[in-house]
Amino acid sequence: MDESMGNFPFRCVLSFKPLIDYLNKTTKAFSETRSFIGEELQEIIRQAPELYGPIEDISILERHQDSVQKLMNLEFPSAYWETGAYGAVVPYYMRPFFVSSHFKRLFLNEDGTLLGRFNLEEEMWNRGRIIKAYLFILKEYYGIQQNLDYPIIRIVPDPDTGLDRYFKMNLDARFVEAHAVKEPKVLTAQERDFILEHLTEPEVLQEILPPEGFELHGFTVIHAMDVTASEVLSALERDLIDQESIVSREGFLRVQQRLQIFFRRPELVAGLAAIQEDQALLLNTGCQITRSCIFADSRHVPIAEFEGTVYQRAVQGGEILLVPDILKEHSPKLTEEDILQTGIRSLLIAPLYYKGDCIGTLDLGSPQPGEFGPMDVLLMGQIQPLFSMAVKRALDDFDNRVQGIIKEKCTAIHPTVEWRFRKAALQHLENLRMGRASDMESIVFKDVYPLYGVTDIRGSTNERNRAIQKDLAEHLDLALKVVQSANEAKPLLILQELAGRIGAHLERIQYGLGTGDELSVMKFLRTEVESIFPHLKGFGLKVNRAIEAYEAAIDPNVGTVYRLRQEFEESVSLLNDRLAAYLDQEESEAQAIFPHFFERHRTDGVDYLIYIGSSLMEHGDFNELYLKNLRLWQLKVACGMAWHTEQLKSSIKVPLDTAHLILMQDTPLSIRFRFDEKRFDVDGAYDIRQEIIKSRLDKAVVKGGRERLTQPGKIAVVYSHTEEAKEMRRHIDFLKSEGYLTGELETLDLEDLPGVQGLRSLRVSVNLESQALSQGVKRMAN
């Protein structure tokens with residue numbers, strides 16, 4: 001910033017005349033008590049008469065240095081200059097000609113110019129100087145008195161720490177006089193009013209009162225007051241309003257720098273953590289860590305990890321904790337090596353509270369032991385509330401984001417029915433506002449039609465059990481080879497007995513997998529076989545190779561052979577992903593045609609539930625045409641599911657088949673939202689029948705035999721009434737004509753299920769070779 005006179009339009013001249021006149025005046029007014037000042041003043045003027053006039057040449061001050069010192073001491077006692085940061089400058093020109101030793105140490109470069117920077121931008125600084133000069137002139141010559149008081153802060157590096165310090169520059173202009181170069185202009189009433197309206201616009205003032213018509217003589221006294229603490233606190237408040245200050249690396253380093261200034265410790269390292277339920281979120285730290293960004297990169301650590309540490313003591317104590325030397329703390333969670341790696345020896349830990357609950361901690365660390373003391377605890381207490389609010393805002397934002405994800409991913413509050421929840425919530429808030437006791441009103445939708453469909457992976461349970469059986473057998477066989485190799489190297493009866501027990505487990509597993517077999521075998525292998533491996537490694541090279549083969553076959557994540565199970569689970573996951581993606585795509589298109597409630601679940605396959613009806617619509621619009629369209633849509637989607645299954649067989653490690661079922665019900669029912677379970681359920685004893693049927697259909701078999709209703713490559717439609725079958729036959733005939741379905745349409749009676757009698761079914765094959773089907777769904781295969 002240019003602090004010279006180059007950007008200042010007024011001519012400013014150093015002069016001691018205002019001070020001398022002031023001293024003469026006070027000496028006469030208080031002749032009895034200040035007569036000695038008058039005598040000394042006259043002696044100074046006699047020895048250095050040049051000091052009474054304008055001083056254009058600064059060398060005059062050097063020639064009369066003693067006289068200047070005596071003259072300044074007449075008004076400003078020596079103690080004034082020895083203890084404080086004081087300086088005297090030419091009016092509006094920030095180059096001192098007389099300074100205290102403290103001012104010189106803090107603010108002056110070797111060439112006499114000021115160190116550091118102002119808190120104002122250059123343009124604002126120059127405008128402020130000009131406005132203040134005009135205010136001075138308007139007061140002296142035109143009786144217009146207005147004040148412009150804005151804080152001038154000088155930011156300089158601390159000579160001891162190198163950190164920024166903030167000083168408020170209080171300017172004393174008592175010894176400045178305005179001089180008119182020529183007869184001052186007489187202002188009209190209109191000009192005076194115009195000036196008052198534009199006092200903060202130097203360009204306007206210069207047009208009415210050109211600066212060439214005035215000069216400023218005298219000097220200004222600067223008293224620099226340390227306001228570092230208040231300035232840093234204000235800056236921290238501004239920073240912490242912006243959440244980026246604690247969530248981003250750059251933002252938190254800026255906050256840490258302010259804390260270093262506040263505590264006057266350049267090596268200080270800050271850390272911030274939030275507490276949510278049983279997790280500690282390590283939000284940020286000023287030292288180098290791999291990941292540091294909140295909620296995207298935050299490190300989540302179980303609260304249990306802090307048991308017995310100084311952090312737990314701080315939280316339980318509820319007060320700022322001073323730890324002089326961490327190495328002297330006995331913590332079961334930290335070794336001396338761990339502590340030394342952090343580089344921190346002394347700590348200040350402040351628990352952060354909101355409404356009586358601890359929501360996090362702020363810690364300040366130093367590499368030096370015994371670095372913090374009681375005064376630092378007091379300073380920590382000043383910033384504690386600021387960080388408490390910052391962490392609270394961060395946690396609220398986290399909760400909002402989590403709730404947004406839950407709302408997006410879960411279907412408990414589906415967009416179609418959100419209007420009803422919003423209406424209930426508004427009524428609830430209105431009741432509370434009116435001071436009435438209130439709970440959320442019941443949310444019930446009457447006379448809605450249910451549509452249920454499921455695509456099930458056929459034989460998944462048996463296939464999973466076979467994979468477990470073979471993996472366990474391979475695991476036991478590898479263990480047996482280790483023990484047999486060890487017995488060959490060093491025959492021991494105990495090894496022979498152990499080999500026999502392994503063989504017994506292996507024989508039982510190969511015969512069949514029973515309940516609890518997997519857990520018992522794993523416990524046996526870990527406790528009685530793997531536990532002796534460290535000792536068996538000393539039995540020779542062959543044993544070592546057997547152990548290496550054993551360990552190489554073990555999946556490190558589950559601690560057992562997991563090859564076949566992994567292949568099966570990956571195949572199931574890939575098929576589920578494909579089916580779910582296809583269903584979601586088709587459902588979004590159906591949703592665009594007419595809104596309806598929809599929820600989907602994934603197990604070994606996918607199933608879905610749809611509700612449609614006028615009560616679900618905010619304005620009650622509904623026509624049964626859309627219900628029939630959705631039933632036809634169900635059949636078409638089931639065809640697409642079968643096609644995707646067939647297409648995926650060649651690309652998954654375990655080929656899988658799917659069977660498809662649709663439950664037809666033409667009788668409307670009522671559904672109620674269960675607030676405790678946060679989901680919809682049927683309402684009323686009669687309507688529960690549909691839920692019972694859904695839960696037991698997977699066991700349905702054709703009457704008169706043991707044939708399962710659902711078969712790979714076929715769609716089964718279960719119904720109770722003849723009219724339901726008539727509608728579905730029409731839809732099936734249409735899809736046959738379109739090439740989606742093929743073969744004979746079967747009409748089947750079903751064996752009675754527990755609590756359910758009289759069910760019937762239509763069953764038809766999907767035309768997997770159909771070009772129409774391929775073209776209709778292949779966009780999702782890609």
# chains A, B, ... in the order shown; residues from 1 in each chain; ligands from 1
>>> select_by_dssp(residues="range 531-655 of chain A", states="strand (DSSP E)", output="PyMOL selection string")
chain A and resi 597-603+605-612
>>> residues_around(residues="Val181 in chain A", least_positions_apart="5", cutoff="9 Å", atoms="only C-alpha atoms", output="PyMOL selection string")
chain A and resi 212-215
>>> residues_around(residues="range 52-68 of chain A", least_positions_apart="4", cutoff="12 Å", atoms="only C-alpha atoms", output="ChimeraX atom specification")
/A:11-21,40-48,72-76,88-90,95-99,177,179,215-219
>>> residues_around(residues="range 691-705 of chain A", least_positions_apart="6", cutoff="8 Å", atoms="only C-alpha atoms", output="JSON, numbers by chain")
{"A": [663, 682, 748, 749, 750, 751, 753, 754, 755, 756]}
>>> write_last_selection(atoms="C-alpha atoms", output="mmCIF file, in the first residue's frame")
data_model
loop_
_atom_site.group_PDB
_atom_site.id
_atom_site.type_symbol
_atom_site.label_atom_id
_atom_site.label_comp_id
_atom_site.auth_asym_id
_atom_site.auth_seq_id
_atom_site.Cartn_x
_atom_site.Cartn_y
_atom_site.Cartn_z
ATOM 1 C CA LEU A 663 -50.310 -61.874 -6.941
ATOM 2 C CA VAL A 682 -52.344 -53.042 5.796
ATOM 3 C CA LEU A 748 -53.814 -74.690 -11.822
ATOM 4 C CA ASP A 749 -55.395 -75.326 -8.448
ATOM 5 C CA LEU A 750 -53.035 -74.871 -5.490
ATOM 6 C CA GLU A 751 -52.709 -76.884 -2.347
ATOM 7 C CA LEU A 753 -51.561 -73.042 2.613
ATOM 8 C CA PRO A 754 -51.700 -72.488 6.381
ATOM 9 C CA GLY A 755 -54.598 -70.063 6.892
ATOM 10 C CA VAL A 756 -55.192 -69.696 3.149
#
>>> residues_around(residues="range 635-647 of chain A", least_positions_apart="4", cutoff="10 Å", atoms="only C-alpha atoms", output="PyMOL selection string")
chain A and resi 453-455+457+575-576+578-580+582-583+586-587+606+630-631+651+655-662+712-717+728+731-732+735+740-741+765-770+773-774+776-778+780-781
>>> residues_around(residues="Val654 in chain A", least_positions_apart="2", cutoff="8 Å", atoms="only C-alpha atoms", output="ChimeraX atom specification")
/A:567-568,571,649,652,656
>>> write_last_selection(atoms="N, CA and C atoms", output="compact mmCIF listing (two decimals), in the first residue's frame")
# COMPACT_ATOMS: atom_id res chain seq x y z
N GLU A 567 -17.78 -66.82 -5.27
CA GLU A 567 -18.27 -66.92 -6.64
C GLU A 567 -19.80 -66.90 -6.66
N PHE A 568 -20.41 -67.63 -5.72
CA PHE A 568 -21.87 -67.66 -5.68
C PHE A 568 -22.45 -66.29 -5.31
N SER A 571 -22.16 -63.82 -8.05
CA SER A 571 -23.12 -64.10 -9.11
C SER A 571 -24.51 -63.61 -8.72
N LYS A 649 -26.48 -65.32 -17.79
CA LYS A 649 -25.95 -66.64 -17.41
C LYS A 649 -24.52 -66.86 -17.89
N ILE A 652 -21.66 -64.84 -15.63
CA ILE A 652 -21.46 -64.99 -14.18
C ILE A 652 -20.87 -66.36 -13.91
N LEU A 656 -27.44 -68.98 -12.85
CA LEU A 656 -28.60 -68.95 -11.96
C LEU A 656 -29.89 -68.85 -12.78
>>> select_by_dssp(residues="range 624-668 of chain A", states="helix (DSSP H, G or I)", output="PyMOL selection string")
chain A and resi 624-651
>>> closest_residue(among="A:Arg154, A:Lys446, A:His505, A:Arg192", to="Arg117 in chain A", atoms="only C-alpha atoms")
A:Arg154
>>> residues_around(residues="range 271-275 of chain A", least_positions_apart="4", cutoff="10 Å", atoms="only C-alpha atoms", output="count of residues only")
39
>>> atom_distance(atom1="CA of Val718 in chain A", atom2="CA of Ser761 in chain A")
4.3 Å
>>> atom_distance(atom1="CA of Arg174 in chain A", atom2="CA of Thr220 in chain A")
7.5 Å
>>> closest_residue(among="A:Leu71, A:Ala85, A:Leu138, A:Leu148", to="Gly38 in chain A", atoms="only C-alpha atoms")
A:Leu71
>>> atom_distance(atom1="CA of Tyr86 in chain A", atom2="CA of His223 in chain A")
4.7 Å
>>> closest_residue(among="A:Ser346, A:Thr188, A:Gln146, A:Thr161", to="Ile261 in chain A", atoms="only C-alpha atoms")
A:Thr161
>>> closest_residue(among="A:Leu476, A:Leu492, A:Val255, A:Val543", to="Val529 in chain A", atoms="only C-alpha atoms")
A:Leu476
>>> closest_residue(among="A:Ile326, A:Ile443, A:Val521, A:Ile547", to="Val483 in chain A", atoms="only C-alpha atoms")
A:Ile547
